[in-house]
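*Asks:* I'd like to ask some things about the structure below.
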Amino acid sequence: MQDTQAPPVQEQPSEEVAALAAGQELGALRASFGPKRMSGGALAGLIGMCLLGLALFVLPGLFFVWLLVRSPNLNRKQAAKRLHCFEHGLVVSGRDGRPVAFRWDTAAVLQRITRRYVNGVHTGTTYLYTLYTPDGSAIELTGFYADPEVWGAAVQHEITRAQLPRTLDLLRNGGTARFGDITVNAAGMANAKRGSLAWSEVQRVEVKNGVVFVGKAGKLLAWSNTPVHRIPNFFLFLAVVEELRGAAVGVRCN
């Protein structure tokens with residue numbers, strides 16, 4: 001079923017959202033995203049599936065009815081949900097409908113983007129971003145909100161922008177940063193299964209089919225192959241690796 005892509009919502013946030021954003025010092029509102037709405041044809045098709053399912057198979061019919069009543073096209077509560085991107089964080093509707101805030105400088109995010117193909121033809125993409133606060137609370141953001149390719153990339157970029165300077169300072173002063181099963185420090189990276197790898201030994205870092213491959217100089221097989229969805233703050237990880245690898249190359253050249 002096709003969903004219609006809606007542009008970012010041009011409206012002022014509710015008083016509750018505005019108060020939460022002010023309390024968290026999130027700064028100016030940059031964009032808001034509402035839920036996707038089904039096209040007229042898709043909505044009619046879903047209604048038809050409900051009727052057919054109820055007539056022939058009760059349980060499948062009830063499932064389609066559940067999808068229908070949860071659709072933002074018909075459900076005012078679902079239609080009212082928003083994802084608000086601010087200068088220093090975001091506010092999103094929580095499971096109970098109340099807004100929840102995340103700051104770019106303290107949040108962690110895991111992303112899982114799955115592209116589906118049938119006989120080599122792209123049939124759709126699903127998006128799942130799981131945001132975490134320092135206290136461990138989390139919320140999942142999906143393609144329920146329009147333009148996930150826009151707000152999803154914005155989440156990663158803003159977290160990277162806010163946290164990269166602090167992370168580099170930590171590493172340059174002898175600290176360690178953990179990105180899933182990979183730890184990073186000024187000397188290189190380490191993995192519990194593969195041991196340590198100096199920056200001078202890192203031949204390549206590339207992403208293929210949702211997996212991050214780290215190649216070691218002189219070795220045919222990858223030193224590490226970690227799925228993107230297991231690397232917190234994936235964009236930040238890539239930026240840190242690029243910066244420290246570049247610094248190591250500069251030291252060797254000098």
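Identifiers for the structure tokens are assigned positionally: chains receive A, B, ... in sequence, residues are indexed from 1 per chain, and ligands are indexed from 1 in the order shown.
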As number ranges by chain, please: all residues of stretch 100-238 of chain A that backbone DSSP puts in strand (DSSP E).

*Replies:* A: 100-103, 108-118, 121-132, 138-142, 177-179, 182-184, 188-191, 195-198, 202-208, 211-216, 222-227

*Asks:* Using DSSP secondary structure from the backbone, list all helix (DSSP H, G or I) positions within stretch 164-222 of chain A, as a list of chain:residue names.

*Replies:*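 Result set for stretch 164-222 of chain A (helix (DSSP H, G or I)): A:Leu164, A:Pro165, A:Arg166, A:Thr167, A:Leu168, A:Asp169, A:Leu170, A:Leu171, A:Arg172, A:Trp199, A:Ser200, A:Glu201.
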
*Asks:* I'd like a table as CSV: residues in stretch 108-199 of chain A with an atom no more than 10 Å from stretch 224-243 of chain A, each row giving the shortest atom pair and its distance in Å to one decimal, only C-alpha atoms counted, sorted by chain and rising residue number.

*Replies:*
```
residue,atom,partner,partner_atom,distance
A:Ala108,CA,A:Asn233,CA,5.7
A:Val109,CA,A:Asn233,CA,5.2
A:Leu110,CA,A:Pro232,CA,5.0
A:Gln111,CA,A:His229,CA,5.2
A:Arg112,CA,A:His229,CA,5.0
A:Ile113,CA,A:His229,CA,8.1
A:Leu128,CA,A:His229,CA,9.2
A:Tyr129,CA,A:His229,CA,9.0
A:Thr130,CA,A:Pro232,CA,9.4
A:Leu131,CA,A:Pro232,CA,9.4
A:Tyr132,CA,A:Pro232,CA,9.5
A:Ala153,CA,A:Phe235,CA,9.2
A:Val155,CA,A:Asn233,CA,9.5
A:Gln156,CA,A:Phe235,CA,5.9
A:His157,CA,A:Phe235,CA,6.9
A:Glu158,CA,A:Leu236,CA,9.6
A:Ile159,CA,A:Leu236,CA,7.3
A:Thr160,CA,A:Leu236,CA,4.7
A:Arg161,CA,A:Leu236,CA,8.2
A:Ala162,CA,A:Leu236,CA,9.6
A:Gln163,CA,A:Leu236,CA,7.6
A:Leu164,CA,A:Leu236,CA,6.5
A:Pro165,CA,A:Val240,CA,9.4
A:Thr167,CA,A:Val240,CA,7.9
A:Leu168,CA,A:Val240,CA,7.0
A:Leu171,CA,A:Val240,CA,9.3
A:Ala177,CA,A:Phe237,CA,9.2
A:Arg178,CA,A:Pro232,CA,8.5
A:Phe179,CA,A:Ile231,CA,5.4
A:Gly180,CA,A:Ile231,CA,4.9
A:Asp181,CA,A:Ile231,CA,7.7
A:Ile182,CA,A:Ile231,CA,8.3
A:Thr183,CA,A:Phe237,CA,9.9
A:Val184,CA,A:Val241,CA,8.1
A:Asn185,CA,A:Val240,CA,9.6
A:Ala186,CA,A:Val241,CA,9.9
A:Gly188,CA,A:Val241,CA,8.7
A:Met189,CA,A:Val241,CA,8.8
A:Ala190,CA,A:Ser224,CA,9.5
A:Asn191,CA,A:Ser224,CA,7.8
A:Lys193,CA,A:Ser224,CA,9.0
A:Arg194,CA,A:Ser224,CA,7.5
A:Trp199,CA,A:Val241,CA,8.7
```

*Asks:* Got a sec: who's within 6 Å of A:Val100, counting only C-alpha atoms, leaving out chain neighbours fewer than 4 positions off, as a list in words?

*Replies:* Val91, Val92 and Gly94 of chain A

*Asks:* Which residues, written as a ChimeraX atom specification, have at least one atom at most 7 Å from stretch 141-147 of chain A, with only C-alpha atoms counted and residues fewer than 6 positions away on the same chain left out?

*Replies:* /A:5-6,33-36,126-130

*Asks:* Could you make a table, as JSON lines, of the residues of stretch 64-169 of chain A that have an atom within 6 Å of an atom of stretch 13-30 of chain A, each with its nearest atom pair and distance in Å to one decimal, counting only C-alpha atoms, in chain and number order?

*Replies:*
```
{"residue": "A:Cys85", "atom": "CA", "partner": "A:Arg30", "partner_atom": "CA", "distance": 5.6}
{"residue": "A:Phe86", "atom": "CA", "partner": "A:Leu29", "partner_atom": "CA", "distance": 4.3}
{"residue": "A:Glu87", "atom": "CA", "partner": "A:Gly27", "partner_atom": "CA", "distance": 5.1}
{"residue": "A:His88", "atom": "CA", "partner": "A:Leu26", "partner_atom": "CA", "distance": 4.5}
{"residue": "A:Gly89", "atom": "CA", "partner": "A:Leu26", "partner_atom": "CA", "distance": 5.4}
```

*Asks:* If we count only C-alpha atoms, what is near A:Arg95 at a cut-off of 10 Å, once residues fewer than 4 positions away on the same chain are taken out, given as a ChimeraX atom specification?

*Replies:* /A:99-100,139-140
